>>> print(open('protein38.cif').read())   # mmCIF, C-alpha atoms and all ligand atoms
data_target
#
loop_
_atom_site.group_PDB
_atom_site.id
_atom_site.type_symbol
_atom_site.label_atom_id
_atom_site.label_comp_id
_atom_site.auth_asym_id
_atom_site.auth_seq_id
_atom_site.Cartn_x
_atom_site.Cartn_y
_atom_site.Cartn_z
ATOM 1 C CA MET A 895 65.142 76.349 77.453
ATOM 2 C CA LEU A 896 66.347 76.789 73.886
ATOM 3 C CA THR A 897 64.811 74.391 71.373
ATOM 4 C CA GLU A 898 66.607 75.541 68.233
ATOM 5 C CA LEU A 899 69.805 77.312 67.263
ATOM 6 C CA ALA A 900 69.699 80.933 66.095
ATOM 7 C CA SER A 901 71.775 81.980 63.089
ATOM 8 C CA SER A 902 74.149 83.810 65.480
ATOM 9 C CA HIS A 903 74.733 80.518 67.316
ATOM 10 C CA ILE A 904 75.500 78.736 64.055
ATOM 11 C CA GLU A 905 78.087 81.377 63.180
ATOM 12 C CA ARG A 906 79.682 81.704 66.640
ATOM 13 C CA TYR A 907 79.984 77.968 67.236
ATOM 14 C CA ALA A 908 80.598 76.937 63.599
ATOM 15 C CA ARG A 909 83.963 75.259 64.212
ATOM 16 C CA GLN A 910 82.614 72.951 66.890
ATOM 17 C CA ILE A 911 79.213 72.345 65.262
ATOM 18 C CA LEU A 912 81.298 70.900 62.400
ATOM 19 C CA LEU A 913 82.573 68.207 64.747
ATOM 20 C CA PRO A 914 80.358 65.130 64.313
ATOM 21 C CA GLU A 915 80.542 64.468 68.090
ATOM 22 C CA ILE A 916 78.925 67.876 68.745
ATOM 23 C CA GLY A 917 76.848 69.011 65.759
ATOM 24 C CA GLY A 918 73.756 71.180 66.078
ATOM 25 C CA ALA A 919 72.114 68.891 68.643
ATOM 26 C CA GLY A 920 75.203 68.920 70.848
ATOM 27 C CA GLN A 921 75.479 72.685 70.624
ATOM 28 C CA LEU A 922 71.875 73.026 71.714
ATOM 29 C CA ARG A 923 72.640 70.758 74.639
ATOM 30 C CA LEU A 924 75.598 72.940 75.645
ATOM 31 C CA LEU A 925 73.494 76.091 75.390
ATOM 32 C CA ASN A 926 70.985 74.542 77.800
ATOM 33 C CA ALA A 927 73.658 73.199 80.194
ATOM 34 C CA ARG A 928 74.548 74.526 83.638
ATOM 35 C CA VAL A 929 78.062 74.067 85.030
ATOM 36 C CA VAL A 930 79.319 74.951 88.493
ATOM 37 C CA VAL A 931 82.939 76.164 88.575
ATOM 38 C CA LEU A 932 84.326 76.192 92.102
ATOM 39 C CA GLY A 933 87.213 78.643 92.240
ATOM 40 C CA ALA A 934 87.924 81.563 89.878
ATOM 41 C CA GLY A 935 91.676 80.995 90.197
ATOM 42 C CA GLY A 936 94.153 79.498 87.742
ATOM 43 C CA LEU A 937 92.232 76.334 86.868
ATOM 44 C CA GLY A 938 88.818 77.998 87.082
ATOM 45 C CA SER A 939 89.938 80.857 84.831
ATOM 46 C CA ALA A 940 90.851 78.627 81.907
ATOM 47 C CA ALA A 941 87.928 76.268 82.491
ATOM 48 C CA ALA A 942 85.328 79.049 82.738
ATOM 49 C CA LEU A 943 86.648 80.918 79.696
ATOM 50 C CA TYR A 944 86.628 77.830 77.473
ATOM 51 C CA LEU A 945 83.199 76.736 78.734
ATOM 52 C CA ALA A 946 81.846 80.230 78.047
ATOM 53 C CA ALA A 947 83.499 80.315 74.625
ATOM 54 C CA ALA A 948 81.925 76.945 73.805
ATOM 55 C CA GLY A 949 78.492 78.298 74.666
ATOM 56 C CA VAL A 950 77.722 76.480 77.910
ATOM 57 C CA GLY A 951 74.587 78.449 78.676
ATOM 58 C CA HIS A 952 74.833 79.006 82.400
ATOM 59 C CA LEU A 953 77.954 79.139 84.546
ATOM 60 C CA ILE A 954 77.729 79.255 88.336
ATOM 61 C CA ILE A 955 81.046 80.673 89.574
ATOM 62 C CA ALA A 956 81.929 80.335 93.256
ATOM 63 C CA ASP A 957 84.862 82.123 94.890
ATOM 64 C CA HIS A 958 85.119 84.198 98.058
ATOM 65 C CA ASP A 959 88.445 85.940 97.331
ATOM 66 C CA ARG A 960 89.357 89.287 95.831
ATOM 67 C CA VAL A 961 91.746 89.742 92.904
ATOM 68 C CA GLU A 962 95.347 90.337 93.991
ATOM 69 C CA LEU A 963 98.296 91.376 91.858
ATOM 70 C CA SER A 964 99.997 88.039 92.567
ATOM 71 C CA ASN A 965 97.013 86.198 90.994
ATOM 72 C CA LEU A 966 97.496 87.653 87.532
ATOM 73 C CA GLN A 967 100.465 85.440 86.595
ATOM 74 C CA ARG A 968 97.986 82.585 86.077
ATOM 75 C CA GLN A 969 94.377 83.665 86.720
ATOM 76 C CA ILE A 970 93.515 84.945 83.262
ATOM 77 C CA LEU A 971 89.896 85.815 84.065
ATOM 78 C CA HIS A 972 91.235 88.837 85.923
ATOM 79 C CA THR A 973 93.061 92.005 84.876
ATOM 80 C CA THR A 974 95.389 94.546 86.461
ATOM 81 C CA GLU A 975 92.530 97.048 86.399
ATOM 82 C CA ARG A 976 90.332 94.727 88.455
ATOM 83 C CA VAL A 977 92.786 94.138 91.331
ATOM 84 C CA GLY A 978 90.770 94.595 94.526
ATOM 85 C CA GLN A 979 87.429 93.528 93.015
ATOM 86 C CA THR A 980 85.836 90.246 94.006
ATOM 87 C CA LYS A 981 87.005 87.420 91.760
ATOM 88 C CA THR A 982 83.403 86.576 90.951
ATOM 89 C CA ALA A 983 82.604 90.122 89.741
ATOM 90 C CA SER A 984 85.813 90.120 87.705
ATOM 91 C CA ALA A 985 84.933 86.719 86.234
ATOM 92 C CA ARG A 986 81.495 87.981 85.250
ATOM 93 C CA GLN A 987 83.076 90.875 83.323
ATOM 94 C CA ALA A 988 85.534 88.608 81.510
ATOM 95 C CA ILE A 989 82.819 86.138 80.530
ATOM 96 C CA ALA A 990 80.436 88.892 79.408
ATOM 97 C CA ALA A 991 83.148 90.371 77.188
ATOM 98 C CA LEU A 992 83.844 86.985 75.602
ATOM 99 C CA ASN A 993 80.280 85.690 75.246
ATOM 100 C CA PRO A 994 77.480 87.938 76.516
ATOM 101 C CA GLU A 995 74.873 85.221 75.996
ATOM 102 C CA VAL A 996 76.267 83.108 78.821
ATOM 103 C CA GLN A 997 74.232 83.517 81.983
ATOM 104 C CA VAL A 998 76.499 83.863 85.023
ATOM 105 C CA THR A 999 75.442 83.279 88.622
ATOM 106 C CA LEU A 1000 77.909 84.289 91.295
ATOM 107 C CA CYS A 1001 78.483 82.768 94.710
ATOM 108 C CA THR A 1002 80.807 84.789 96.917
ATOM 109 C CA GLU A 1003 80.301 82.817 100.126
ATOM 110 C CA ARG A 1004 83.148 80.660 101.376
ATOM 111 C CA ILE A 1005 82.044 77.133 100.463
ATOM 112 C CA LEU A 1006 81.471 75.255 103.669
ATOM 113 C CA GLN A 1007 79.488 72.185 104.484
ATOM 114 C CA GLU A 1008 76.138 73.980 104.625
ATOM 115 C CA GLY A 1009 76.490 75.772 101.299
ATOM 116 C CA VAL A 1010 78.142 73.141 99.151
ATOM 117 C CA ASP A 1011 75.043 70.998 98.562
ATOM 118 C CA ALA A 1012 72.977 73.977 97.390
ATOM 119 C CA LEU A 1013 75.818 75.080 95.117
ATOM 120 C CA VAL A 1014 76.304 71.666 93.511
ATOM 121 C CA GLN A 1015 72.542 71.284 92.954
ATOM 122 C CA GLN A 1016 72.601 74.294 90.638
ATOM 123 C CA GLY A 1017 74.664 72.546 87.954
ATOM 124 C CA ASP A 1018 74.450 69.536 85.668
ATOM 125 C CA LEU A 1019 78.138 69.040 86.378
ATOM 126 C CA VAL A 1020 80.816 70.499 88.651
ATOM 127 C CA VAL A 1021 84.348 71.632 87.742
ATOM 128 C CA ASP A 1022 86.665 71.686 90.739
ATOM 129 C CA GLY A 1023 89.153 74.526 90.435
ATOM 130 C CA SER A 1024 89.748 74.772 94.164
ATOM 131 C CA ASP A 1025 93.205 74.883 95.673
ATOM 132 C CA ASN A 1026 92.702 73.030 98.942
ATOM 133 C CA PHE A 1027 91.947 69.545 100.211
ATOM 134 C CA ALA A 1028 88.964 70.591 102.343
ATOM 135 C CA SER A 1029 87.064 71.820 99.268
ATOM 136 C CA ARG A 1030 87.952 68.700 97.265
ATOM 137 C CA TYR A 1031 86.578 66.367 99.951
ATOM 138 C CA LEU A 1032 83.463 68.512 100.374
ATOM 139 C CA LEU A 1033 82.773 68.573 96.626
ATOM 140 C CA ASN A 1034 83.419 64.844 96.292
ATOM 141 C CA GLN A 1035 80.766 64.178 98.890
ATOM 142 C CA ALA A 1036 78.298 66.774 97.637
ATOM 143 C CA CYS A 1037 78.541 65.455 94.056
ATOM 144 C CA PHE A 1038 77.941 61.925 95.361
ATOM 145 C CA LEU A 1039 74.801 63.011 97.210
ATOM 146 C CA ALA A 1040 73.545 65.218 94.363
ATOM 147 C CA LYS A 1041 74.416 62.626 91.676
ATOM 148 C CA LYS A 1042 76.519 65.013 89.593
ATOM 149 C CA PRO A 1043 79.741 64.311 87.666
ATOM 150 C CA LEU A 1044 82.813 66.104 89.033
ATOM 151 C CA VAL A 1045 85.756 67.120 86.853
ATOM 152 C CA SER A 1046 88.745 67.504 89.131
ATOM 153 C CA ALA A 1047 92.257 68.893 88.702
ATOM 154 C CA ALA A 1048 95.136 69.955 90.904
ATOM 155 C CA VAL A 1049 98.409 71.728 90.160
ATOM 156 C CA LEU A 1050 101.662 72.450 91.955
ATOM 157 C CA GLY A 1051 104.989 73.619 90.582
ATOM 158 C CA PHE A 1052 105.333 72.117 87.101
ATOM 159 C CA GLU A 1053 103.066 69.144 87.822
ATOM 160 C CA GLY A 1054 99.367 68.552 87.618
ATOM 161 C CA GLN A 1055 96.727 65.862 87.718
ATOM 162 C CA LEU A 1056 93.271 65.521 86.268
ATOM 163 C CA THR A 1057 90.363 63.093 86.381
ATOM 164 C CA THR A 1058 86.585 62.879 86.277
ATOM 165 C CA PHE A 1059 84.600 61.367 89.133
ATOM 166 C CA ARG A 1060 81.296 59.766 88.128
ATOM 167 C CA HIS A 1061 80.605 58.131 91.515
ATOM 168 C CA GLY A 1062 77.392 60.142 91.793
ATOM 169 C CA VAL A 1063 75.968 58.779 88.549
ATOM 170 C CA ASP A 1064 77.673 55.367 88.218
ATOM 171 C CA ALA A 1065 77.764 53.006 91.205
ATOM 172 C CA THR A 1066 80.840 51.243 89.782
ATOM 173 C CA ALA A 1067 82.898 54.439 89.383
ATOM 174 C CA PRO A 1068 85.533 55.406 91.960
ATOM 175 C CA CYS A 1069 85.515 58.701 93.867
ATOM 176 C CA TYR A 1070 88.154 61.091 95.203
ATOM 177 C CA ARG A 1071 88.234 59.203 98.509
ATOM 178 C CA CYS A 1072 88.787 55.895 96.699
ATOM 179 C CA LEU A 1073 91.983 57.550 95.437
ATOM 180 C CA TYR A 1074 92.825 59.561 98.565
ATOM 181 C CA PRO A 1075 90.916 58.035 101.512
ATOM 182 C CA HIS A 1076 91.961 60.621 104.084
ATOM 183 C CA PRO A 1077 92.968 64.266 103.807
ATOM 184 C CA PRO A 1078 96.572 65.105 104.727
ATOM 185 C CA ALA A 1079 97.167 66.856 108.021
ATOM 186 C CA PRO A 1080 96.782 70.619 107.622
ATOM 187 C CA GLY A 1081 100.104 72.229 106.728
ATOM 188 C CA SER A 1082 101.760 68.902 105.872
ATOM 189 C CA THR A 1083 101.678 69.385 102.092
ATOM 190 C CA PRO A 1084 103.062 72.229 99.957
ATOM 191 C CA THR A 1085 100.641 74.649 98.279
ATOM 192 C CA CYS A 1086 100.913 76.981 95.284
ATOM 193 C CA ARG A 1087 101.164 79.833 97.779
ATOM 194 C CA SER A 1088 104.171 78.265 99.515
ATOM 195 C CA ALA A 1089 105.841 76.375 96.651
ATOM 196 C CA GLY A 1090 104.755 78.193 93.457
ATOM 197 C CA VAL A 1091 103.147 77.086 90.215
ATOM 198 C CA LEU A 1092 103.685 77.694 86.504
ATOM 199 C CA GLY A 1093 100.786 79.766 85.160
ATOM 200 C CA ALA A 1094 100.680 78.005 81.796
ATOM 201 C CA LEU A 1095 100.265 74.659 83.593
ATOM 202 C CA THR A 1096 97.076 75.866 85.304
ATOM 203 C CA GLY A 1097 95.854 76.940 81.860
ATOM 204 C CA ILE A 1098 96.578 73.530 80.324
ATOM 205 C CA LEU A 1099 94.722 71.680 83.057
ATOM 206 C CA GLY A 1100 91.860 74.179 83.319
ATOM 207 C CA ALA A 1101 91.321 73.986 79.558
ATOM 208 C CA TRP A 1102 91.444 70.197 79.787
ATOM 209 C CA GLN A 1103 88.792 70.325 82.516
ATOM 210 C CA ALA A 1104 86.587 72.309 80.123
ATOM 211 C CA ALA A 1105 87.116 69.630 77.458
ATOM 212 C CA GLU A 1106 86.195 66.831 79.893
ATOM 213 C CA ALA A 1107 83.147 68.785 81.099
ATOM 214 C CA ILE A 1108 81.936 69.186 77.500
ATOM 215 C CA LYS A 1109 82.479 65.460 76.862
ATOM 216 C CA GLU A 1110 80.493 64.553 79.970
ATOM 217 C CA LEU A 1111 77.661 66.964 79.132
ATOM 218 C CA LEU A 1112 77.381 65.518 75.628
ATOM 219 C CA GLY A 1113 78.136 61.899 76.540
ATOM 220 C CA VAL A 1114 80.800 61.624 73.844
ATOM 221 C CA GLY A 1115 84.268 60.107 73.766
ATOM 222 C CA GLU A 1116 85.901 58.121 76.515
ATOM 223 C CA THR A 1117 85.324 59.381 80.033
ATOM 224 C CA LEU A 1118 88.327 59.880 82.304
ATOM 225 C CA ALA A 1119 86.372 58.251 85.148
ATOM 226 C CA GLY A 1120 88.684 55.639 86.703
ATOM 227 C CA SER A 1121 91.782 57.157 85.073
ATOM 228 C CA LEU A 1122 94.143 59.716 86.549
ATOM 229 C CA LEU A 1123 96.186 61.839 84.154
ATOM 230 C CA LEU A 1124 99.518 62.970 85.574
ATOM 231 C CA LEU A 1125 101.417 65.698 83.767
ATOM 232 C CA ASN A 1126 104.909 67.081 84.321
ATOM 233 C CA VAL A 1127 105.563 69.980 81.960
ATOM 234 C CA LEU A 1128 109.131 70.528 83.197
ATOM 235 C CA HIS A 1129 110.137 67.114 81.887
ATOM 236 C CA GLY A 1130 107.541 66.908 79.111
ATOM 237 C CA GLN A 1131 106.017 63.756 80.556
ATOM 238 C CA TRP A 1132 102.495 62.522 81.094
ATOM 239 C CA GLN A 1133 100.979 59.287 82.318
ATOM 240 C CA ARG A 1134 97.493 57.814 82.491
ATOM 241 C CA ILE A 1135 96.981 55.587 85.524
ATOM 242 C CA ARG A 1136 93.897 53.431 86.052
ATOM 243 C CA PHE A 1137 92.349 53.314 89.509
ATOM 244 C CA ALA A 1138 89.378 51.358 90.773
ATOM 245 C CA LYS A 1139 86.599 51.838 93.264
ATOM 246 C CA ASN A 1140 87.838 51.041 96.772
ATOM 247 C CA PRO A 1141 85.487 48.471 98.315
ATOM 248 C CA ALA A 1142 86.325 50.016 101.704
ATOM 249 C CA CYS A 1143 85.879 53.641 100.589
ATOM 250 C CA PRO A 1144 84.549 55.693 103.514
ATOM 251 C CA LEU A 1145 82.156 57.521 101.173
ATOM 252 C CA CYS A 1146 80.986 55.605 98.144
ATOM 253 C CA ALA A 1147 81.445 51.920 99.050
ATOM 254 C CA SER A 1148 78.357 51.495 101.170
ATOM 255 C CA PRO A 1149 74.852 52.907 100.774
ATOM 256 C CA ASN A 1150 74.986 53.628 104.519
ATOM 257 C CA ALA A 1151 77.798 56.090 103.842
ATOM 258 C CA ILE A 1152 75.308 58.408 102.196
ATOM 259 C CA GLY A 1153 74.018 59.571 105.537
ATOM 260 C CA GLU A 1154 77.441 60.117 107.087
ATOM 261 C CA ARG A 1155 78.908 63.523 106.482
ATOM 262 C CA HIS A 1156 82.667 63.687 106.380
ATOM 263 C CA VAL A 1157 84.118 66.778 107.963
ATOM 264 C CA PRO A 1158 87.523 67.520 106.448
HETATM 265 ZN ZN ZN A 1201 84.930 56.254 96.927
#
>>> encode(input="protein38.cif", output="structure tokens")
Amino acid sequence: MLTELASSHIERYARQILLPEIGGAGQLRLLNARVVVLGAGGLGSAAALYLAAAGVGHLIIADHDRVELSNLQRQILHTTERVGQTKTASARQAIAALNPEVQVTLCTERILQEGVDALVQQGDLVVDGSDNFASRYLLNQACFLAKKPLVSAAVLGFEGQLTTFRHGVDATAPCYRCLYPHPPAPGSTPTCRSAGVLGALTGILGAWQAAEAIKELLGVGETLAGSLLLLNVLHGQWQRIRFAKNPACPLCASPNAIGERHVP
């Protein structure tokens, strides 16, 4: 654990150390922080790059896919040269080139029920860059059990949404299942693969996830917990909607729910 900033830290992070909300103490906190990023896709690319650039000391990147040519329109961790490599290995190279001091741990297993708890335990906070409902429900539950904040985003077409779930650390805070109690039937909703997505939109929301993660790690600003940001870049519109804990939430409403695993 680092206890003081080196002169190279002061130079590299000068523009954010200047911010009174961060300062030297905040930078030290970021350097000692561990963040899990689930998914090295469009959201995870922007989130991981900005977290690495900001000096978050240890990133745990989980993804089981390989880089495909069709990923490169939005997944800026990866390059044409690295098509065919695992996304995690590609992510490690991109992060090392940007900020070699960041420690990177890779998880290339598909995240299923058995592995998700161990993954989430490795971080102080989790960024959800996954592209499917099963992973979102699994992470929501794992973060509840492990008492970790979860910064969540989703994108499709020209639209995206973003929020932070603090149900693991604040008993009054709503969770993903308070917002969406039950997963949609498989195949009933469009996906980026079937309906497309604007690459720049994934960058906007992934970068915003990095900003929310930094706020949560430092305890500064106003948390997005209990607020859902909705963005439509085609029409240049965004909204912030408040939502509350659901007293009948199948996960977080009752202490008894802790022992019940939800299988998406
Ligand atoms: Zn809930």
>>> residues_around(input="protein38.cif", residues="Ile954 (chain A)", least_positions_apart="3", cutoff="7 Å", atoms="all atoms listed in the file", output="JSON, numbers by chain")
{"A": [929, 930, 931, 998, 999, 1000]}
>>> residues_around(input="protein38.cif", residues="region 971-985 of chain A", least_positions_apart="5", cutoff="10 Å", atoms="all atoms listed in the file", output="ChimeraX atom specification")
/A:933-936,938-943,954-966,990-991,998-1002
>>> residues_around(input="protein38.cif", residues="Phe1059 (chain A)", least_positions_apart="2", cutoff="6 Å", atoms="all atoms listed in the file", output="MDAnalysis selection string")
chainID A and resid 1043:1044 1061 1069 1119
>>> write_last_selection(input="protein38.cif", atoms="C-alpha atoms", output="PDB file, keeping the file's coordinate frame")
ATOM      1  CA  PRO A1043      79.741  64.311  87.666  1.00  0.00           C
ATOM      2  CA  LEU A1044      82.813  66.104  89.033  1.00  0.00           C
ATOM      3  CA  HIS A1061      80.605  58.131  91.515  1.00  0.00           C
ATOM      4  CA  CYS A1069      85.515  58.701  93.867  1.00  0.00           C
ATOM      5  CA  ALA A1119      86.372  58.251  85.148  1.00  0.00           C
TER       6      ALA A1119
END
>>> residues_near_ligand(input="protein38.cif", ligand="ligand ZN 1201 (chain A)", cutoff="12 Å", atoms="only C-alpha atoms and all ligand atoms", output="ChimeraX atom specification")
/A:1031,1034-1035,1037-1038,1059-1062,1064-1076,1120,1137-1149,1151-1152
>>> resolve_selection(input="protein38.cif", expression="the PyMOL selection byres (((chain A and resi 1132) around 12) and not hetatm)", output="list of chain:residue names")
A:Phe1052, A:Glu1053, A:Gly1054, A:Gln1055, A:Leu1056, A:Leu1122, A:Leu1123, A:Leu1124, A:Leu1125, A:Asn1126, A:Val1127, A:Leu1128, A:His1129, A:Gly1130, A:Gln1131, A:Gln1133, A:Arg1134, A:Ile1135
>>> closest_residue(input="protein38.cif", among="A:Glu1003, A:Asp1018, A:Glu898, A:Asp1011", to="Val950 (chain A)", atoms="all atoms listed in the file")
A:Asp1018
>>> closest_residue(input="protein38.cif", among="A:Thr1085, A:Thr897, A:Gln997, A:Gln1103", to="Asp1025 (chain A)", atoms="all atoms listed in the file")
A:Thr1085
>>> closest_residue(input="protein38.cif", among="A:Asp1022, A:Glu905, A:Glu1106, A:Glu1008", to="Gln921 (chain A)", atoms="all atoms listed in the file")
A:Glu905
>>> resolve_selection(input="protein38.cif", expression="the PyMOL selection byres (((chain A and resi 1029) around 10) and not hetatm)", output="PyMOL selection string")
chain A and resi 932-933+1004-1007+1010+1022-1028+1030-1035+1158
>>> atom_distance(input="protein38.cif", atom1="CA of Thr1058 (chain A)", atom2="CA of Val1021 (chain A)")
9.2 Å
>>> decode(input="protein38.cif", residues="region 1079-1125 of chain A", atoms="C-alpha atoms", output="compact mmCIF listing (two decimals), in the first residue's frame")
# COMPACT_ATOMS: atom_id res chain seq x y z
CA ALA A 1079 -37.55 -13.48 -21.42
CA PRO A 1080 -34.45 -14.49 -23.39
CA GLY A 1081 -34.61 -13.14 -26.94
CA SER A 1082 -37.48 -10.75 -26.15
CA THR A 1083 -35.35 -7.58 -26.14
CA PRO A 1084 -33.04 -6.17 -28.83
CA THR A 1085 -29.27 -6.27 -28.29
CA CYS A 1086 -26.36 -4.30 -29.74
CA ARG A 1087 -25.58 -7.37 -31.85
CA SER A 1088 -29.07 -7.40 -33.37
CA ALA A 1089 -29.99 -3.70 -33.35
CA GLY A 1090 -26.65 -1.82 -33.40
CA VAL A 1091 -25.12 0.89 -31.24
CA LEU A 1092 -23.26 4.15 -31.80
CA GLY A 1093 -19.64 3.71 -30.69
CA ALA A 1094 -19.30 7.24 -29.32
CA LEU A 1095 -22.32 6.61 -27.06
CA THR A 1096 -20.58 3.65 -25.39
CA GLY A 1097 -17.59 5.95 -24.86
CA ILE A 1098 -19.71 8.67 -23.25
CA LEU A 1099 -21.33 6.25 -20.83
CA GLY A 1100 -18.17 4.26 -20.12
CA ALA A 1101 -16.30 7.48 -19.33
CA TRP A 1102 -19.19 8.56 -17.13
CA GLN A 1103 -18.97 5.23 -15.29
CA ALA A 1104 -15.30 5.98 -14.61
CA ALA A 1105 -16.28 9.39 -13.22
CA GLU A 1106 -18.93 7.86 -10.94
CA ALA A 1107 -16.49 5.15 -9.81
CA ILE A 1108 -13.92 7.81 -8.87
CA LYS A 1109 -16.59 9.78 -6.97
CA GLU A 1110 -17.64 6.67 -5.05
CA LEU A 1111 -14.04 5.69 -4.24
CA LEU A 1112 -13.33 9.18 -2.91
CA GLY A 1113 -16.75 9.81 -1.35
CA VAL A 1114 -17.09 13.16 -3.11
CA GLY A 1115 -19.95 14.86 -4.91
CA GLU A 1116 -23.49 13.62 -5.16
CA THR A 1117 -23.90 9.90 -5.70
CA LEU A 1118 -26.15 8.70 -8.52
CA ALA A 1119 -27.61 6.08 -6.17
CA GLY A 1120 -31.41 6.32 -6.50
CA SER A 1121 -31.18 8.28 -9.76
CA LEU A 1122 -31.25 6.90 -13.28
CA LEU A 1123 -29.68 8.99 -16.04
CA LEU A 1124 -31.26 8.45 -19.45
CA LEU A 1125 -29.45 9.78 -22.50
